[in-house]
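Chemist: Dropping in model.txt, which is compact mmCIF, C-alpha atoms:
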```txt
# COMPACT_ATOMS: atom_id res chain seq x y z
CA MET A 1 1.44 5.01 7.01
CA SER A 2 4.33 7.40 6.97
CA LEU A 3 8.03 6.79 6.59
CA ASP A 4 10.26 6.74 9.67
CA VAL A 5 12.71 9.39 8.53
CA SER A 6 15.95 9.62 10.49
CA PRO A 7 17.26 13.05 11.53
CA ALA A 8 20.24 12.55 9.19
CA LEU A 9 18.01 11.82 6.17
CA LEU A 10 15.78 14.76 7.02
CA GLU A 11 18.88 16.95 7.21
CA GLN A 12 19.92 15.74 3.74
CA ALA A 13 16.50 16.68 2.39
CA GLU A 14 16.69 20.11 4.00
CA ARG A 15 20.07 20.67 2.29
CA GLY A 16 18.61 19.44 -1.00
CA GLU A 17 21.04 16.54 -1.40
CA VAL A 18 19.20 13.29 -0.76
CA ASP A 19 21.16 10.12 -1.40
CA GLU A 20 18.73 7.70 -3.07
CA ALA A 21 20.34 4.69 -1.36
CA ASP A 22 19.60 6.31 2.01
CA PHE A 23 16.02 6.96 0.90
CA VAL A 24 15.60 3.34 -0.25
CA ASP A 25 16.93 2.15 3.11
CA CYS A 26 14.36 4.38 4.83
CA VAL A 27 11.63 2.76 2.75
CA ARG A 28 12.98 -0.72 3.54
CA THR A 29 12.89 -0.13 7.30
CA SER A 30 9.65 1.88 7.33
CA LEU A 31 7.59 -0.39 5.09
CA PRO A 32 8.90 -3.91 5.79
CA TYR A 33 5.84 -5.76 4.48
CA ALA A 34 5.87 -3.87 1.18
CA TRP A 35 9.64 -4.27 0.91
CA GLU A 36 9.46 -8.01 1.48
CA MET A 37 6.59 -8.40 -0.99
CA ILE A 38 8.44 -6.57 -3.76
CA SER A 39 11.78 -8.24 -2.93
CA SER A 40 10.23 -11.69 -3.08
CA LEU A 41 8.52 -10.95 -6.40
CA VAL A 42 11.78 -9.68 -7.88
CA ALA A 43 13.52 -12.87 -6.72
CA GLN A 44 10.69 -14.98 -8.15
CA LEU A 45 10.95 -13.20 -11.50
CA LYS A 46 14.71 -13.78 -11.61
CA VAL A 47 14.38 -17.47 -10.74
CA ASP A 48 11.30 -18.32 -12.82
CA GLY A 49 11.82 -15.89 -15.67
CA GLY A 50 8.77 -15.11 -17.74
CA GLU A 51 6.96 -11.88 -18.42
CA PHE A 52 6.16 -10.95 -14.80
CA ALA A 53 5.71 -12.14 -11.24
CA ASP A 54 2.76 -11.11 -9.11
CA ASN A 55 1.13 -11.54 -5.74
CA GLN A 56 -2.54 -12.42 -5.47
CA THR A 57 -2.74 -13.04 -1.73
CA PRO A 58 -4.33 -10.20 0.27
CA PRO A 59 -2.18 -8.68 3.03
CA PRO A 60 -2.64 -10.21 6.49
CA ASP A 61 -3.92 -6.97 8.06
CA GLU A 62 -4.66 -3.32 7.46
CA GLN A 63 -1.15 -2.21 8.46
CA ALA A 64 0.36 -4.41 5.75
CA ARG A 65 -2.22 -3.19 3.23
CA GLY A 66 -1.35 0.39 4.16
CA GLN A 67 2.31 -0.29 3.52
CA LEU A 68 1.60 -1.54 0.00
CA LEU A 69 -0.61 1.44 -0.72
CA ARG A 70 2.02 3.85 0.60
CA ALA A 71 4.83 2.27 -1.39
CA LEU A 72 2.98 2.08 -4.67
CA ALA A 73 0.89 5.25 -4.48
CA SER A 74 3.89 7.50 -3.88
CA ASP A 75 5.66 8.42 -7.10
CA ALA A 76 8.93 9.01 -5.21
CA ILE A 77 8.84 5.68 -3.36
CA ARG A 78 7.65 3.69 -6.35
CA GLY A 79 10.27 5.25 -8.62
CA ALA A 80 13.07 4.64 -6.12
CA LEU A 81 12.01 1.00 -5.72
CA GLN A 82 11.87 0.48 -9.47
CA ARG A 83 15.36 1.91 -9.90
CA HIS A 84 16.72 -0.04 -6.92
CA PHE A 85 15.37 -3.40 -8.09
CA GLY A 86 15.66 -2.74 -11.83
CA VAL A 87 12.02 -3.57 -12.56
CA ARG A 88 8.74 -1.91 -13.42
CA LEU A 89 6.03 -2.15 -10.77
CA ALA A 90 2.32 -2.49 -11.44
CA PHE A 91 -0.50 -2.47 -8.92
CA GLN A 92 -4.16 -3.56 -8.90
CA ASN A 93 -6.66 -3.36 -6.06
CA CYS A 94 -5.07 -3.21 -2.64
CA HIS A 95 -2.75 -6.16 -2.91
CA ARG A 96 -1.99 -7.36 -6.41
CA VAL A 97 1.55 -6.18 -6.94
CA ALA A 98 3.41 -7.25 -10.06
CA VAL A 99 7.00 -6.81 -11.14
CA PHE A 100 7.94 -6.67 -14.79
CA PRO A 101 11.46 -6.69 -16.22
CA LEU A 102 12.70 -3.53 -17.90
CA ASP A 103 12.92 -5.50 -21.17
CA SER A 104 10.64 -3.96 -23.78
CA SER A 105 9.59 -7.44 -24.93
CA VAL A 106 7.04 -7.50 -22.07
CA ASP A 107 5.54 -4.08 -22.82
CA GLU A 108 2.39 -5.62 -24.29
CA ARG A 109 1.88 -7.83 -21.22
CA LEU A 110 2.41 -4.85 -18.90
CA ALA A 111 -0.11 -2.84 -20.93
CA ARG A 112 -2.68 -5.64 -20.58
CA PHE A 113 -2.05 -5.90 -16.82
CA THR A 114 -2.48 -2.15 -16.30
CA SER A 115 -5.40 -1.73 -18.71
CA VAL A 116 -8.95 -0.86 -17.75
CA ARG A 117 -9.96 -4.34 -18.89
CA GLY A 118 -7.28 -5.92 -16.70
CA GLN A 119 -8.47 -3.91 -13.71
CA LEU A 120 -12.09 -4.92 -14.24
CA LEU A 121 -11.22 -8.59 -14.65
CA ASN A 122 -9.32 -8.51 -11.34
CA GLN A 123 -12.37 -7.49 -9.30
CA SER A 124 -14.20 -9.72 -6.87
CA PRO A 125 -16.73 -9.21 -4.08
CA GLU A 126 -14.08 -10.21 -1.48
CA LEU A 127 -11.97 -7.20 -2.48
CA ARG A 128 -14.72 -4.60 -2.16
CA ASP A 129 -13.50 -3.24 1.16
CA CYS A 130 -9.82 -3.13 0.35
```
As C-alpha cells, what does this structure read like?
Modeler:
Amino acid sequence: MSLDVSPALLEQAERGEVDEADFVDCVRTSLPYAWEMISSLVAQLKVDGGEFADNQTPPPDEQARGQLLRALASDAIRGALQRHFGVRLAFQNCHRVAVFPLDSSVDERLARFTSVRGQLLNQSPELRDC
C-alpha cells in the first residue's frame, strides 16, 4: 500500500521543501480507512475524555488492514499524523490502534499499552493471520 503522491508534492520533495500539511493531505487521500480510523478515535477521545481511545474491531478487508499497517509502520506518516491530530498513536496486532493525549498524566497507561505484557495479553487465535 503506497501513497498516491501528486506531481506537485513529488516536486516539493525533489526540491527538499515538503509542506507537512500537503503531506498529511496526501496521507488522508491515499489511506482513507486509516485516516478515518484515527480521526474517529481522536474525536472519541475528545468527547469521552479518559486516558485513551482505541479500536478493537478488525479491518473489513486486507486493503484496509494494509492501510493501517502503512500508516503506523512508517515513522514519517505516523509522526505527521501525531503532530496533525495532537496525539500519541499506539498500535497492537494488525488493527488495535489507540490514541493517547499528549498529556504526561497518561504516560503510565501508554507504557502499559505498549509493553511486552500488553502485547501478549492482546493476542488471540483469531488474530494469528493478521
Chemist: For a quick check of understanding, using only C-alpha atoms, which of A:Gln63, A:Gln56, A:Arg83, A:Arg70 has the smallest distance to Arg96 of chain A?
Modeler: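 Looking at the shortest contact to Arg96 of chain A, the residue is A:Gln56.
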Chemist: Dump as a Markdown table the rows for residues of segment 12-31 of chain A within 9 Å of segment 1-7 of chain A: closest atom pair and distance in Å with one decimal, only C-alpha atoms counted, ordered by chain and rising residue number.
Modeler:
```
| residue | atom | partner | partner_atom | distance |
| --- | --- | --- | --- | --- |
| A:Gln12 | CA | A:Pro7 | CA | 8.7 |
| A:Phe23 | CA | A:Val5 | CA | 8.7 |
| A:Cys26 | CA | A:Val5 | CA | 6.4 |
| A:Val27 | CA | A:Leu3 | CA | 6.6 |
| A:Thr29 | CA | A:Asp4 | CA | 7.7 |
| A:Ser30 | CA | A:Leu3 | CA | 5.2 |
| A:Leu31 | CA | A:Leu3 | CA | 7.3 |
```
Chemist: Would you save the residues from that selection as a short mmCIF file (atom, residue, chain, number, x, y, z; two decimals), in the frame of the given file, using C-alpha atoms?
Modeler:
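Generated file (selection-v6.cif):
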```cif
data_model
loop_
_atom_site.label_atom_id
_atom_site.label_comp_id
_atom_site.auth_asym_id
_atom_site.auth_seq_id
_atom_site.Cartn_x
_atom_site.Cartn_y
_atom_site.Cartn_z
CA GLN A 12 19.92 15.74 3.74
CA PHE A 23 16.02 6.96 0.90
CA CYS A 26 14.36 4.38 4.83
CA VAL A 27 11.63 2.76 2.75
CA THR A 29 12.89 -0.13 7.30
CA SER A 30 9.65 1.88 7.33
CA LEU A 31 7.59 -0.39 5.09
#
```
Chemist: Suppose you want the space between atom CA of Arg112 of chain A and atom CA of Pro59 of chain A; what is it in Å?
Modeler: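 Taking atom CA of Arg112 of chain A and atom CA of Pro59 of chain A, their separation equals 23.8 Å.
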Chemist: Which residue, A:Ala21, A:Leu81, A:Ala111, A:Val97, has the smallest gap to Met37 of chain A when you use all atoms listed in the file?
Modeler: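 Of all the options, A:Val97 lies closest to Met37 of chain A.
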Chemist: Leaving out Gly49 of chain A and any residue of its chain fewer than 2 positions from it, which residues lie within 12 Å of it when counting only C-alpha atoms, given as a short mmCIF file (atom, residue, chain, number, x, y, z; two decimals) with C-alpha atoms, in the frame of the given file?
Modeler:
```cif
data_model
loop_
_atom_site.label_atom_id
_atom_site.label_comp_id
_atom_site.auth_asym_id
_atom_site.auth_seq_id
_atom_site.Cartn_x
_atom_site.Cartn_y
_atom_site.Cartn_z
CA LEU A 41 8.52 -10.95 -6.40
CA VAL A 42 11.78 -9.68 -7.88
CA ALA A 43 13.52 -12.87 -6.72
CA GLN A 44 10.69 -14.98 -8.15
CA LEU A 45 10.95 -13.20 -11.50
CA LYS A 46 14.71 -13.78 -11.61
CA VAL A 47 14.38 -17.47 -10.74
CA GLU A 51 6.96 -11.88 -18.42
CA PHE A 52 6.16 -10.95 -14.80
CA ALA A 53 5.71 -12.14 -11.24
CA VAL A 99 7.00 -6.81 -11.14
CA PHE A 100 7.94 -6.67 -14.79
CA PRO A 101 11.46 -6.69 -16.22
CA ASP A 103 12.92 -5.50 -21.17
CA VAL A 106 7.04 -7.50 -22.07
#
```
Chemist: Using all atoms listed in the file, find the one residue out of A:Leu72, A:Tyr33, A:Ser105, A:Phe113 that sits nearest to Pro60 of chain A.
Modeler: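 Checking each candidate against Pro60 of chain A, we get A:Tyr33 as the closest.
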